[in-house]
$ cat coords_8.txt   # compact mmCIF, C-alpha atoms and all ligand atoms
# COMPACT_ATOMS: atom_id res chain seq x y z
CA MET A 20 -139.24 -80.19 -173.73
CA HIS A 21 -139.21 -79.40 -170.04
CA THR A 22 -137.13 -82.46 -169.08
CA ARG A 23 -134.74 -81.85 -171.98
CA TYR A 24 -134.22 -78.34 -170.73
CA LEU A 25 -133.50 -79.65 -167.23
CA ALA A 26 -131.07 -82.27 -168.54
CA THR A 27 -129.21 -79.61 -170.51
CA ALA A 28 -129.14 -77.30 -167.51
CA GLY A 29 -127.82 -80.21 -165.43
CA MET A 30 -125.03 -80.90 -167.91
CA LEU A 31 -124.14 -77.24 -168.00
CA ALA A 32 -124.05 -77.05 -164.21
CA LEU A 33 -121.79 -80.13 -164.12
CA THR A 34 -119.46 -78.68 -166.76
CA LEU A 35 -119.28 -75.40 -164.88
CA LEU A 36 -118.65 -77.20 -161.61
CA VAL A 37 -115.81 -79.31 -163.04
CA GLY A 38 -114.33 -76.32 -164.86
CA PHE A 39 -114.67 -74.07 -161.86
CA SER A 40 -113.19 -76.50 -159.35
CA ALA A 41 -110.18 -76.88 -161.67
CA CYS A 42 -109.75 -73.10 -161.59
CA ILE A 43 -110.05 -72.63 -157.83
CA ASN A 44 -107.94 -75.70 -157.03
CA PRO A 45 -104.87 -74.14 -155.46
CA ARG A 46 -101.72 -74.85 -157.45
CA GLU A 47 -98.07 -73.87 -157.71
CA GLY A 48 -97.41 -70.37 -156.46
CA TYR A 49 -100.47 -70.27 -154.17
CA ALA A 50 -99.37 -68.48 -150.99
CA PRO A 51 -102.39 -67.16 -149.11
CA GLU A 52 -102.24 -64.53 -146.39
CA GLN A 53 -102.64 -66.12 -142.94
CA PRO A 54 -104.66 -64.84 -139.95
CA VAL A 55 -101.40 -64.56 -137.98
CA LYS A 56 -98.23 -63.64 -139.87
CA PHE A 57 -96.34 -66.72 -138.72
CA SER A 58 -92.74 -66.92 -139.93
CA HIS A 59 -91.04 -70.30 -140.43
CA HIS A 60 -87.80 -68.41 -141.01
CA VAL A 61 -87.98 -66.92 -137.50
CA HIS A 62 -88.96 -70.20 -135.81
CA VAL A 63 -87.02 -72.79 -137.81
CA GLY A 64 -84.27 -70.74 -139.45
CA LYS A 65 -83.28 -68.41 -136.60
CA ASN A 66 -84.48 -70.30 -133.53
CA GLU A 67 -83.87 -73.86 -134.77
CA ILE A 68 -87.17 -75.34 -133.60
CA GLN A 69 -87.65 -78.81 -135.16
CA CYS A 70 -90.48 -79.33 -137.67
CA THR A 71 -91.82 -82.18 -135.55
CA TYR A 72 -92.10 -79.96 -132.44
CA CYS A 73 -95.13 -78.38 -134.14
CA HIS A 74 -96.13 -80.88 -136.86
CA VAL A 75 -96.38 -83.83 -134.48
CA GLY A 76 -98.37 -86.19 -136.73
CA VAL A 77 -95.92 -86.34 -139.60
CA THR A 78 -94.01 -89.50 -138.67
CA GLU A 79 -97.08 -91.43 -137.55
CA GLY A 80 -99.86 -91.09 -140.07
CA PRO A 81 -101.51 -89.24 -142.91
CA LYS A 82 -101.60 -85.74 -141.42
CA ALA A 83 -98.68 -83.61 -140.34
CA THR A 84 -101.15 -81.48 -138.30
CA ILE A 85 -100.94 -77.77 -137.41
CA PRO A 86 -100.34 -77.03 -133.72
CA GLY A 87 -102.99 -75.40 -131.57
CA ALA A 88 -102.45 -72.19 -129.59
CA ASP A 89 -101.51 -74.30 -126.53
CA THR A 90 -98.28 -75.31 -128.25
CA CYS A 91 -97.56 -71.71 -129.21
CA MET A 92 -98.10 -70.63 -125.60
CA ASN A 93 -95.32 -72.98 -124.42
CA CYS A 94 -93.09 -70.10 -125.53
CA HIS A 95 -95.39 -67.15 -126.07
CA SER A 96 -96.64 -66.95 -122.50
CA LEU A 97 -93.15 -65.46 -122.00
CA ILE A 98 -92.13 -64.16 -125.45
CA GLN A 99 -94.51 -61.27 -126.16
CA GLY A 100 -92.55 -59.47 -128.84
CA ASN A 101 -89.08 -59.18 -130.30
CA GLN A 102 -86.84 -59.63 -127.27
CA GLY A 103 -83.99 -61.52 -128.88
CA PRO A 104 -80.38 -60.33 -128.71
CA ASP A 105 -80.67 -58.85 -132.22
CA LYS A 106 -82.98 -55.89 -131.77
CA LEU A 107 -85.03 -55.44 -134.93
CA PRO A 108 -86.11 -52.15 -136.57
CA ASP A 109 -89.21 -50.51 -135.05
CA GLN A 110 -91.60 -51.55 -137.83
CA GLN A 111 -90.62 -55.21 -137.41
CA ARG A 112 -90.89 -55.05 -133.62
CA ALA A 113 -94.41 -53.64 -133.99
CA LEU A 114 -95.35 -56.50 -136.31
CA TYR A 115 -94.01 -59.17 -133.91
CA LYS A 116 -95.88 -57.62 -130.96
CA ASN A 117 -99.12 -57.29 -132.91
CA GLU A 118 -99.04 -60.82 -134.37
CA ILE A 119 -98.05 -62.49 -131.09
CA SER A 120 -100.85 -60.64 -129.29
CA LYS A 121 -103.33 -62.29 -131.72
CA VAL A 122 -102.03 -65.71 -130.64
CA ARG A 123 -102.31 -64.85 -126.95
CA GLN A 124 -105.82 -63.49 -127.51
CA ALA A 125 -106.94 -66.65 -129.37
CA TRP A 126 -105.60 -68.80 -126.54
CA LYS A 127 -107.28 -66.64 -123.88
CA ASN A 128 -110.65 -66.84 -125.68
CA GLY A 129 -110.24 -70.54 -126.44
CA GLU A 130 -110.73 -69.84 -130.16
CA PRO A 131 -108.84 -71.73 -132.83
CA ILE A 132 -106.64 -69.71 -135.18
CA LYS A 133 -108.20 -70.18 -138.64
CA TRP A 134 -105.10 -71.05 -140.69
CA VAL A 135 -105.71 -71.16 -144.43
CA LYS A 136 -104.77 -74.54 -145.90
CA VAL A 137 -102.03 -74.32 -148.52
CA HIS A 138 -101.33 -77.96 -149.45
CA ASP A 139 -104.68 -79.65 -149.96
CA MET A 140 -105.27 -82.89 -151.88
CA PRO A 141 -108.73 -83.77 -153.22
CA ASP A 142 -110.55 -86.39 -151.13
CA HIS A 143 -110.26 -89.08 -153.83
CA VAL A 144 -106.48 -89.18 -153.35
CA GLN A 145 -104.94 -91.29 -150.62
CA PHE A 146 -101.90 -89.53 -149.24
CA SER A 147 -100.05 -90.29 -146.05
CA HIS A 148 -96.90 -88.63 -144.75
CA GLN A 149 -95.78 -91.67 -142.81
CA PRO A 150 -94.47 -93.97 -145.64
CA HIS A 151 -92.59 -91.02 -147.16
CA ILE A 152 -90.88 -90.02 -143.93
CA THR A 153 -90.04 -93.70 -143.25
CA ALA A 154 -88.49 -93.96 -146.74
CA GLY A 155 -86.32 -90.94 -145.96
CA VAL A 156 -88.01 -88.43 -148.28
CA GLY A 157 -87.30 -85.01 -146.75
CA CYS A 158 -89.91 -82.31 -146.16
CA GLU A 159 -88.14 -80.07 -148.71
CA SER A 160 -88.73 -82.59 -151.56
CA CYS A 161 -92.45 -81.82 -151.35
CA HIS A 162 -92.67 -78.46 -149.59
CA GLY A 163 -89.61 -76.61 -150.86
CA ASN A 164 -87.38 -74.69 -148.52
CA ILE A 165 -89.86 -73.95 -145.71
CA PRO A 166 -87.46 -72.06 -143.42
CA LYS A 167 -86.92 -69.64 -146.30
CA SER A 168 -90.43 -69.88 -147.73
CA THR A 169 -91.93 -67.98 -150.63
CA MET A 170 -92.02 -64.51 -149.12
CA LYS A 171 -88.91 -63.14 -147.47
CA GLU A 172 -88.71 -61.14 -144.28
CA GLY A 173 -88.55 -57.38 -144.90
CA PRO A 174 -89.90 -54.19 -143.33
CA GLY A 175 -93.40 -55.04 -142.07
CA VAL A 176 -93.34 -58.43 -143.82
CA VAL A 177 -92.44 -61.98 -142.82
CA ASP A 178 -92.08 -65.06 -145.01
CA ARG A 179 -95.23 -66.99 -145.87
CA VAL A 180 -95.74 -70.64 -146.87
CA GLY A 181 -96.62 -71.23 -150.53
CA LEU A 182 -96.97 -74.15 -152.94
CA GLU A 183 -93.52 -74.55 -154.42
CA VAL A 184 -94.19 -77.73 -156.44
CA PRO A 185 -96.82 -78.60 -159.11
CA PHE A 186 -98.73 -80.73 -156.57
CA ASN A 187 -100.70 -82.75 -159.14
CA MET A 188 -100.87 -86.42 -160.15
CA GLY A 189 -97.93 -86.17 -162.57
CA TRP A 190 -95.78 -84.79 -159.80
CA CYS A 191 -96.56 -87.72 -157.45
CA VAL A 192 -96.16 -90.38 -160.16
CA ASN A 193 -92.92 -88.91 -161.58
CA CYS A 194 -91.25 -89.16 -158.21
CA HIS A 195 -92.55 -92.69 -157.60
CA ARG A 196 -90.95 -93.68 -160.94
CA GLN A 197 -87.49 -92.37 -159.98
CA PRO A 198 -85.13 -95.39 -159.89
CA GLN A 199 -83.79 -94.46 -156.45
CA TYR A 200 -87.32 -94.60 -155.02
CA ASN A 201 -89.05 -97.19 -157.20
CA ALA A 202 -92.31 -96.63 -155.33
CA PRO A 203 -95.57 -98.23 -156.60
CA VAL A 204 -97.42 -96.49 -159.47
CA ASP A 205 -100.49 -98.70 -159.90
CA CYS A 206 -103.72 -96.70 -159.60
CA ALA A 207 -104.79 -98.39 -156.35
CA THR A 208 -101.72 -97.00 -154.56
CA CYS A 209 -103.31 -93.56 -154.50
CA HIS A 210 -106.99 -94.20 -155.37
CA TYR A 211 -109.30 -96.67 -153.65
C1 LIG A 301 -93.26 -73.27 -134.07
C2 LIG A 301 -94.14 -74.13 -134.82
C3 LIG A 301 -93.75 -74.60 -136.21
C4 LIG A 301 -92.55 -75.17 -136.63
C5 LIG A 301 -91.30 -75.42 -135.81
C6 LIG A 301 -92.72 -75.51 -138.02
N1 LIG A 301 -93.98 -75.16 -138.42
FE1 LIG A 301 -94.79 -75.48 -140.25
N2 LIG A 301 -96.47 -74.46 -139.71
C7 LIG A 301 -96.72 -73.94 -138.45
C8 LIG A 301 -97.97 -73.21 -138.49
C9 LIG A 301 -98.60 -72.46 -137.33
C10 LIG A 301 -98.47 -73.33 -139.80
C11 LIG A 301 -99.79 -72.72 -140.36
C12 LIG A 301 -99.57 -71.32 -140.85
C13 LIG A 301 -98.81 -71.24 -142.12
O1 LIG A 301 -99.19 -71.84 -143.12
O2 LIG A 301 -97.77 -70.53 -142.13
C14 LIG A 301 -97.50 -74.12 -140.54
C15 LIG A 301 -97.64 -74.47 -141.86
C16 LIG A 301 -96.79 -75.35 -142.54
C17 LIG A 301 -97.01 -75.86 -143.86
C18 LIG A 301 -98.19 -75.53 -144.75
C19 LIG A 301 -99.45 -76.21 -144.27
C20 LIG A 301 -100.54 -76.17 -145.32
O3 LIG A 301 -101.61 -75.64 -145.04
O4 LIG A 301 -100.29 -76.67 -146.41
C21 LIG A 301 -95.97 -76.68 -144.17
C22 LIG A 301 -95.78 -77.45 -145.45
C23 LIG A 301 -95.07 -76.66 -143.04
N3 LIG A 301 -95.60 -75.85 -142.07
C24 LIG A 301 -93.89 -77.35 -142.99
C25 LIG A 301 -92.94 -77.19 -141.98
C26 LIG A 301 -91.61 -77.72 -142.04
C27 LIG A 301 -91.04 -78.53 -143.20
C28 LIG A 301 -90.99 -77.36 -140.87
C29 LIG A 301 -89.54 -77.61 -140.48
C30 LIG A 301 -88.54 -77.21 -141.48
C31 LIG A 301 -91.96 -76.62 -140.08
N4 LIG A 301 -93.12 -76.51 -140.79
C32 LIG A 301 -91.75 -76.12 -138.79
C33 LIG A 301 -95.94 -74.10 -137.35
C34 LIG A 301 -94.64 -74.60 -137.35
C1 LIG A 302 -90.21 -73.19 -128.86
C2 LIG A 302 -90.62 -71.81 -128.72
C3 LIG A 302 -91.69 -71.25 -129.65
C4 LIG A 302 -92.89 -71.82 -130.02
C5 LIG A 302 -93.43 -73.17 -129.63
C6 LIG A 302 -93.57 -70.85 -130.84
N1 LIG A 302 -92.80 -69.72 -130.97
FE1 LIG A 302 -93.34 -68.04 -131.98
N2 LIG A 302 -91.51 -67.23 -131.55
C7 LIG A 302 -90.53 -67.82 -130.80
C8 LIG A 302 -89.34 -66.99 -130.81
C9 LIG A 302 -88.01 -67.27 -130.10
C10 LIG A 302 -89.66 -65.84 -131.58
C11 LIG A 302 -88.76 -64.66 -131.91
C12 LIG A 302 -88.75 -63.63 -130.82
C13 LIG A 302 -87.66 -62.58 -131.02
O1 LIG A 302 -87.23 -62.36 -132.15
O2 LIG A 302 -87.24 -62.01 -130.05
C14 LIG A 302 -91.05 -66.03 -132.03
C15 LIG A 302 -91.74 -65.12 -132.78
C16 LIG A 302 -93.06 -65.25 -133.15
C17 LIG A 302 -93.82 -64.27 -133.91
C18 LIG A 302 -93.27 -62.96 -134.46
C19 LIG A 302 -92.47 -63.29 -135.72
C20 LIG A 302 -93.35 -63.87 -136.77
O3 LIG A 302 -93.35 -65.12 -136.92
O4 LIG A 302 -94.13 -63.13 -137.38
C21 LIG A 302 -95.07 -64.79 -134.11
C22 LIG A 302 -96.24 -64.14 -134.83
C23 LIG A 302 -95.11 -66.10 -133.48
N3 LIG A 302 -93.88 -66.33 -132.89
C24 LIG A 302 -96.20 -66.95 -133.51
C25 LIG A 302 -96.18 -68.25 -133.06
C26 LIG A 302 -97.27 -69.20 -133.23
C27 LIG A 302 -98.56 -68.91 -133.95
C28 LIG A 302 -96.87 -70.35 -132.63
C29 LIG A 302 -97.63 -71.65 -132.55
C30 LIG A 302 -98.06 -72.22 -133.78
C31 LIG A 302 -95.54 -70.13 -132.11
N4 LIG A 302 -95.14 -68.86 -132.39
C32 LIG A 302 -94.80 -71.07 -131.40
C33 LIG A 302 -90.61 -69.02 -130.15
C34 LIG A 302 -91.65 -69.92 -130.27
C1 LIG A 303 -93.98 -86.97 -150.47
C2 LIG A 303 -94.34 -85.61 -150.30
C3 LIG A 303 -94.36 -85.01 -148.91
C4 LIG A 303 -93.36 -85.03 -147.95
C5 LIG A 303 -92.02 -85.73 -148.00
C6 LIG A 303 -93.84 -84.22 -146.85
N1 LIG A 303 -95.10 -83.74 -147.13
FE1 LIG A 303 -96.26 -82.53 -145.99
N2 LIG A 303 -97.80 -82.67 -147.32
C7 LIG A 303 -97.75 -83.39 -148.50
C8 LIG A 303 -99.09 -83.43 -149.08
C9 LIG A 303 -99.47 -84.13 -150.37
C10 LIG A 303 -99.93 -82.69 -148.22
C11 LIG A 303 -101.44 -82.43 -148.37
C12 LIG A 303 -102.17 -83.59 -147.71
C13 LIG A 303 -103.65 -83.51 -147.80
O1 LIG A 303 -104.22 -82.51 -148.24
O2 LIG A 303 -104.29 -84.50 -147.40
C14 LIG A 303 -99.08 -82.21 -147.13
C15 LIG A 303 -99.52 -81.44 -146.06
C16 LIG A 303 -98.70 -80.97 -145.05
C17 LIG A 303 -99.13 -80.06 -144.00
C18 LIG A 303 -100.52 -79.45 -143.85
C19 LIG A 303 -101.28 -80.12 -142.72
C20 LIG A 303 -101.64 -81.54 -142.98
O3 LIG A 303 -101.38 -82.36 -142.10
O4 LIG A 303 -102.19 -81.85 -144.06
C21 LIG A 303 -98.04 -79.85 -143.19
C22 LIG A 303 -97.99 -78.99 -141.94
C23 LIG A 303 -96.94 -80.65 -143.71
N3 LIG A 303 -97.38 -81.30 -144.84
C24 LIG A 303 -95.69 -80.72 -143.13
C25 LIG A 303 -94.68 -81.60 -143.53
C26 LIG A 303 -93.44 -81.81 -142.80
C27 LIG A 303 -93.05 -81.12 -141.51
C28 LIG A 303 -92.71 -82.73 -143.53
C29 LIG A 303 -91.36 -83.35 -143.18
C30 LIG A 303 -91.21 -83.92 -141.84
C31 LIG A 303 -93.52 -83.09 -144.69
N4 LIG A 303 -94.70 -82.39 -144.65
C32 LIG A 303 -93.12 -83.97 -145.68
C33 LIG A 303 -96.64 -83.95 -149.05
C34 LIG A 303 -95.45 -84.20 -148.39
C1 LIG A 304 -90.17 -86.91 -153.72
C2 LIG A 304 -90.72 -88.21 -154.11
C3 LIG A 304 -92.16 -88.52 -153.87
C4 LIG A 304 -93.25 -87.72 -154.11
C5 LIG A 304 -93.27 -86.30 -154.67
C6 LIG A 304 -94.40 -88.49 -153.74
N1 LIG A 304 -94.04 -89.72 -153.27
FE1 LIG A 304 -95.31 -91.18 -152.56
N2 LIG A 304 -93.72 -92.34 -152.08
C7 LIG A 304 -92.39 -92.02 -152.31
C8 LIG A 304 -91.55 -93.05 -151.69
C9 LIG A 304 -90.02 -93.08 -151.72
C10 LIG A 304 -92.42 -93.98 -151.08
C11 LIG A 304 -92.06 -95.24 -150.27
C12 LIG A 304 -92.01 -96.43 -151.15
C13 LIG A 304 -91.65 -97.67 -150.36
O1 LIG A 304 -91.85 -97.70 -149.14
O2 LIG A 304 -91.15 -98.59 -151.00
C14 LIG A 304 -93.78 -93.50 -151.35
C15 LIG A 304 -94.92 -94.17 -150.92
C16 LIG A 304 -96.22 -93.74 -151.14
C17 LIG A 304 -97.42 -94.45 -150.73
C18 LIG A 304 -97.46 -95.78 -150.00
C19 LIG A 304 -97.30 -96.85 -151.03
C20 LIG A 304 -97.28 -98.23 -150.45
O3 LIG A 304 -98.25 -98.94 -150.66
O4 LIG A 304 -96.30 -98.55 -149.78
C21 LIG A 304 -98.49 -93.70 -151.17
C22 LIG A 304 -99.96 -94.03 -150.99
C23 LIG A 304 -97.96 -92.53 -151.81
N3 LIG A 304 -96.59 -92.58 -151.79
C24 LIG A 304 -98.74 -91.53 -152.38
C25 LIG A 304 -98.23 -90.36 -152.91
C26 LIG A 304 -99.06 -89.26 -153.40
C27 LIG A 304 -100.57 -89.26 -153.46
C28 LIG A 304 -98.19 -88.28 -153.79
C29 LIG A 304 -98.52 -86.92 -154.36
C30 LIG A 304 -99.42 -86.11 -153.57
C31 LIG A 304 -96.84 -88.76 -153.55
N4 LIG A 304 -96.90 -90.01 -153.03
C32 LIG A 304 -95.70 -88.01 -153.84
C33 LIG A 304 -91.91 -90.91 -152.97
C34 LIG A 304 -92.67 -89.79 -153.34
C1 LIG A 305 -98.66 -91.70 -156.82
C2 LIG A 305 -100.06 -91.35 -156.70
C3 LIG A 305 -101.02 -91.59 -157.86
C4 LIG A 305 -101.11 -92.68 -158.67
C5 LIG A 305 -100.21 -93.92 -158.69
C6 LIG A 305 -102.23 -92.45 -159.55
N1 LIG A 305 -102.81 -91.23 -159.24
FE1 LIG A 305 -104.50 -90.44 -160.12
N2 LIG A 305 -104.30 -88.76 -159.00
C7 LIG A 305 -103.31 -88.54 -158.08
C8 LIG A 305 -103.45 -87.18 -157.57
C9 LIG A 305 -102.55 -86.53 -156.55
C10 LIG A 305 -104.58 -86.61 -158.20
C11 LIG A 305 -105.17 -85.21 -158.00
C12 LIG A 305 -104.59 -84.35 -159.05
C13 LIG A 305 -105.08 -82.94 -159.04
O1 LIG A 305 -105.95 -82.55 -158.26
O2 LIG A 305 -104.53 -82.19 -159.88
C14 LIG A 305 -105.09 -87.64 -159.09
C15 LIG A 305 -106.22 -87.46 -159.90
C16 LIG A 305 -106.76 -88.46 -160.70
C17 LIG A 305 -108.01 -88.34 -161.43
C18 LIG A 305 -108.93 -87.14 -161.42
C19 LIG A 305 -108.68 -86.27 -162.60
C20 LIG A 305 -108.14 -84.95 -162.22
O3 LIG A 305 -107.46 -84.34 -163.06
O4 LIG A 305 -108.36 -84.48 -161.09
C21 LIG A 305 -108.20 -89.50 -162.11
C22 LIG A 305 -109.37 -89.86 -163.01
C23 LIG A 305 -107.05 -90.35 -161.80
N3 LIG A 305 -106.21 -89.69 -160.94
C24 LIG A 305 -106.86 -91.63 -162.31
C25 LIG A 305 -105.74 -92.42 -162.10
C26 LIG A 305 -105.49 -93.70 -162.76
C27 LIG A 305 -106.41 -94.33 -163.79
C28 LIG A 305 -104.30 -94.16 -162.29
C29 LIG A 305 -103.54 -95.43 -162.69
C30 LIG A 305 -103.13 -95.45 -164.09
C31 LIG A 305 -103.82 -93.19 -161.29
N4 LIG A 305 -104.71 -92.16 -161.22
C32 LIG A 305 -102.65 -93.32 -160.53
C33 LIG A 305 -102.33 -89.43 -157.66
C34 LIG A 305 -102.09 -90.67 -158.23
$ encode --input "coords_8.txt" --output "structure tokens"
Amino acid sequence: MHTRYLATAGMLALTLLVGFSACINPREGYAPEQPVKFSHHVHVGKNEIQCTYCHVGVTEGPKATIPGADTCMNCHSLIQGNQGPDKLPDQQRALYKNEISKVRQAWKNGEPIKWVKVHDMPDHVQFSHQPHITAGVGCESCHGNIPKSTMKEGPGVVDRVGLEVPFNMGWCVNCHRQPQYNAPVDCATCHY
């Protein structure tokens, strides 16, 4: 009786766990708020900084990597607010100053900025950027139009990165099947 109860409770816990992880697994449309309101539109769109200036790992291995505050300070030791030729409205200037000061503070205190992960594959999936970049698949095929990401710049708001693709197994496999790519689709390509 006792063991049967435990077994049932165990099954229930497992079912809940599987069900729950499916629910909290971030999917299309997920665009969390970040600890610093970092705008790709400002950096890539307006100031034409290359993706690889910040995401240095992308051509070499699995991870694209997010830059540390040191990289930010290459510019933000000098740029402390909106000082570009196009003077922005007051509300936007206040936002720039406030957000940049968080970066300078983090650097000063030697604390990492706790970016919230947007694109996150489960551990049982083998993904690497490198073969994709080598095959000429552009960032936008998998991440959408990052310089004009999900949320647009407006008064007191800057654009924010979000999941713009389904980001599940079907999505990976469907692209691998495209005749122009003809990439492998056997299970061991992505699971081992
Ligand atoms: C000046 C530095 C910088 C440049 C240039 C830059 N990024 Fe980023 N990127 C960041 C930072 C910081 C984050 C983490 C905060 C966020 O998600 O907005 C990030 C986040 C991302 C993410 C989401 C990461 C996640 O958690 O899933 C993607 C995708 C991305 N960048 C792609 C690009 C692409 C594509 C380009 C070029 C078109 C680019 N980035 C250019 C700094 C940069
Ligand atoms: C190559 C130079 C460069 C680097 C590196 C750089 N920035 Fe910037 N950043 C700029 C410029 C230029 C502006 C716009 C200033 C203006 O409009 O006058 C800016 C603006 C900003 C702003 C205000 C606009 C916005 O995005 O909300 C924030 C916040 C910011 N940067 C954060 C970061 C962070 C975090 C990093 C590191 C991950 C970083 N920057 C790296 C050049 C850089
Ligand atoms: C074939 C699809 C694909 C392409 C092309 C691609 N990415 Fe990704 N990207 C992913 C996946 C999948 C993840 C999540 C990886 C994980 O969770 O292990 C990711 C994660 C990221 C992250 C989060 C940090 C990290 O390293 O996991 C950044 C930043 C990023 N990509 C930037 C880029 C940039 C910049 C390019 C173009 C130079 C690019 N990606 C091209 C699929 C792609
Ligand atoms: C936009 C199309 C596209 C998407 C989306 C895509 N891939 Fe790929 N993938 C490719 C191409 C093209 C190659 C390179 C094939 C080659 O080198 O012949 C590749 C290669 C790979 C490889 C290396 C295969 C090998 O052995 O050479 C792995 C692993 C992989 N992809 C996993 C994934 C995973 C996991 C996802 C989903 C998270 C994914 N891919 C999404 C197009 C894509
Ligand atoms: C091109 C990459 C790719 C290939 C090939 C691939 N998978 Fe997957 N698989 C994934 C990704 C990505 C996920 C994670 C999906 C998610 O979290 O929604 C996944 C998830 C799974 C899961 C977990 C179930 C779930 O919904 O999370 C199983 C089981 C699985 N795959 C089995 C297989 C089998 C069997 C094959 C061969 C017939 C295969 N996969 C081929 C990328 C791939």
$ atom_distance --input "coords_8.txt" --atom1 "atom C19 of ligand LIG 303 (chain A)" --atom2 "atom CA of A:His138"
7.1 Å
$ closest_atom_pairs --input "coords_8.txt" --of "chain A" --to "ligand LIG 302 (chain A)" --cutoff "7 Å" --atoms "all atoms listed in the file" --output "CSV"
residue,atom,partner,partner_atom,distance
A:Val55,CA,A:LIG302,C22,6.1
A:Lys56,CA,A:LIG302,O4,4.8
A:Phe57,CA,A:LIG302,O3,3.8
A:Ser58,CA,A:LIG302,O3,3.6
A:His59,CA,A:LIG302,O3,6.7
A:Val61,CA,A:LIG302,O3,5.7
A:His62,CA,A:LIG302,C7,5.8
A:Asn66,CA,A:LIG302,C9,5.8
A:Ile68,CA,A:LIG302,C1,6.0
A:Cys73,CA,A:LIG302,C30,6.8
A:Pro86,CA,A:LIG302,C30,5.3
A:Gly87,CA,A:LIG302,C30,6.3
A:Ala88,CA,A:LIG302,C29,5.7
A:Thr90,CA,A:LIG302,C5,5.5
A:Cys91,CA,A:LIG302,C29,3.3
A:Met92,CA,A:LIG302,C5,6.7
A:Asn93,CA,A:LIG302,C5,5.5
A:Cys94,CA,A:LIG302,C2,4.4
A:His95,CA,A:LIG302,N1,6.1
A:Ile98,CA,A:LIG302,C12,6.4
A:Gly100,CA,A:LIG302,C12,6.0
A:Asn101,CA,A:LIG302,O2,3.4
A:Gln102,CA,A:LIG302,O2,3.7
A:Gly103,CA,A:LIG302,O2,3.5
A:Leu114,CA,A:LIG302,O4,6.8
A:Tyr115,CA,A:LIG302,C18,3.9
A:Lys116,CA,A:LIG302,C18,6.9
A:Glu118,CA,A:LIG302,C22,4.4
A:Ile119,CA,A:LIG302,C22,4.5
A:Val122,CA,A:LIG302,C27,5.8
A:Val177,CA,A:LIG302,O4,5.8
$ closest_residue --input "coords_8.txt" --among "A:Glu159, A:Glu183, A:Asp178, A:Glu47" --to "ligand LIG 304 (chain A)" --atoms "only C-alpha atoms and all ligand atoms"
A:Glu159
$ closest_atom_pairs --input "coords_8.txt" --of "chain A" --to "ligand LIG 303 (chain A)" --cutoff "10 Å" --atoms "all atoms listed in the file" --output "CSV"
residue,atom,partner,partner_atom,distance
A:Gln69,CA,A:LIG303,C27,8.6
A:Cys70,CA,A:LIG303,C27,5.0
A:Thr71,CA,A:LIG303,C27,6.2
A:Tyr72,CA,A:LIG303,C27,9.2
A:Cys73,CA,A:LIG303,C27,8.1
A:His74,CA,A:LIG303,C27,5.6
A:Val75,CA,A:LIG303,C27,8.2
A:Gly76,CA,A:LIG303,O3,7.3
A:Val77,CA,A:LIG303,C30,5.7
A:Thr78,CA,A:LIG303,C30,7.0
A:Gly80,CA,A:LIG303,O3,9.1
A:Pro81,CA,A:LIG303,O3,6.9
A:Lys82,CA,A:LIG303,O3,3.5
A:Ala83,CA,A:LIG303,O3,3.5
A:Thr84,CA,A:LIG303,O3,3.9
A:Ile85,CA,A:LIG303,C22,5.5
A:Pro86,CA,A:LIG303,C22,8.8
A:Val135,CA,A:LIG303,C18,9.8
A:Lys136,CA,A:LIG303,C18,6.8
A:Val137,CA,A:LIG303,C18,7.1
A:His138,CA,A:LIG303,C11,4.6
A:Asp139,CA,A:LIG303,O1,3.4
A:Met140,CA,A:LIG303,O1,3.8
A:Pro141,CA,A:LIG303,O1,6.8
A:Asp142,CA,A:LIG303,O2,7.5
A:His143,CA,A:LIG303,O2,9.9
A:Val144,CA,A:LIG303,O2,7.9
A:Gln145,CA,A:LIG303,O2,7.5
A:Phe146,CA,A:LIG303,O2,5.9
A:Ser147,CA,A:LIG303,C12,7.2
A:His148,CA,A:LIG303,N1,5.7
A:Gln149,CA,A:LIG303,C32,8.6
A:Pro150,CA,A:LIG303,C1,8.5
A:His151,CA,A:LIG303,C5,5.4
A:Ile152,CA,A:LIG303,C5,6.0
A:Thr153,CA,A:LIG303,C5,9.5
A:Ala154,CA,A:LIG303,C5,9.0
A:Gly155,CA,A:LIG303,C5,8.0
A:Val156,CA,A:LIG303,C5,4.8
A:Gly157,CA,A:LIG303,C5,4.9
A:Cys158,CA,A:LIG303,C29,3.5
A:Glu159,CA,A:LIG303,C5,6.9
A:Ser160,CA,A:LIG303,C5,5.8
A:Cys161,CA,A:LIG303,C2,4.4
A:His162,CA,A:LIG303,N1,6.3
A:Gly163,CA,A:LIG303,C6,9.6
A:Ile165,CA,A:LIG303,C27,8.9
A:Val180,CA,A:LIG303,C22,10.0
A:Val184,CA,A:LIG303,C33,10.0
A:Phe186,CA,A:LIG303,C9,7.1
A:Asn187,CA,A:LIG303,C9,9.0
A:Trp190,CA,A:LIG303,C2,9.6
A:Cys191,CA,A:LIG303,C1,7.5
A:Cys194,CA,A:LIG303,C1,8.5
A:His195,CA,A:LIG303,C1,9.3
$ closest_residue --input "coords_8.txt" --among "A:Gly181, A:Ser120, A:Pro131, A:Ala207" --to "A:Leu97" --atoms "only C-alpha atoms"
A:Ser120
$ atom_distance --input "coords_8.txt" --atom1 "atom CA of A:Pro174" --atom2 "atom CA of A:Val63"
19.6 Å
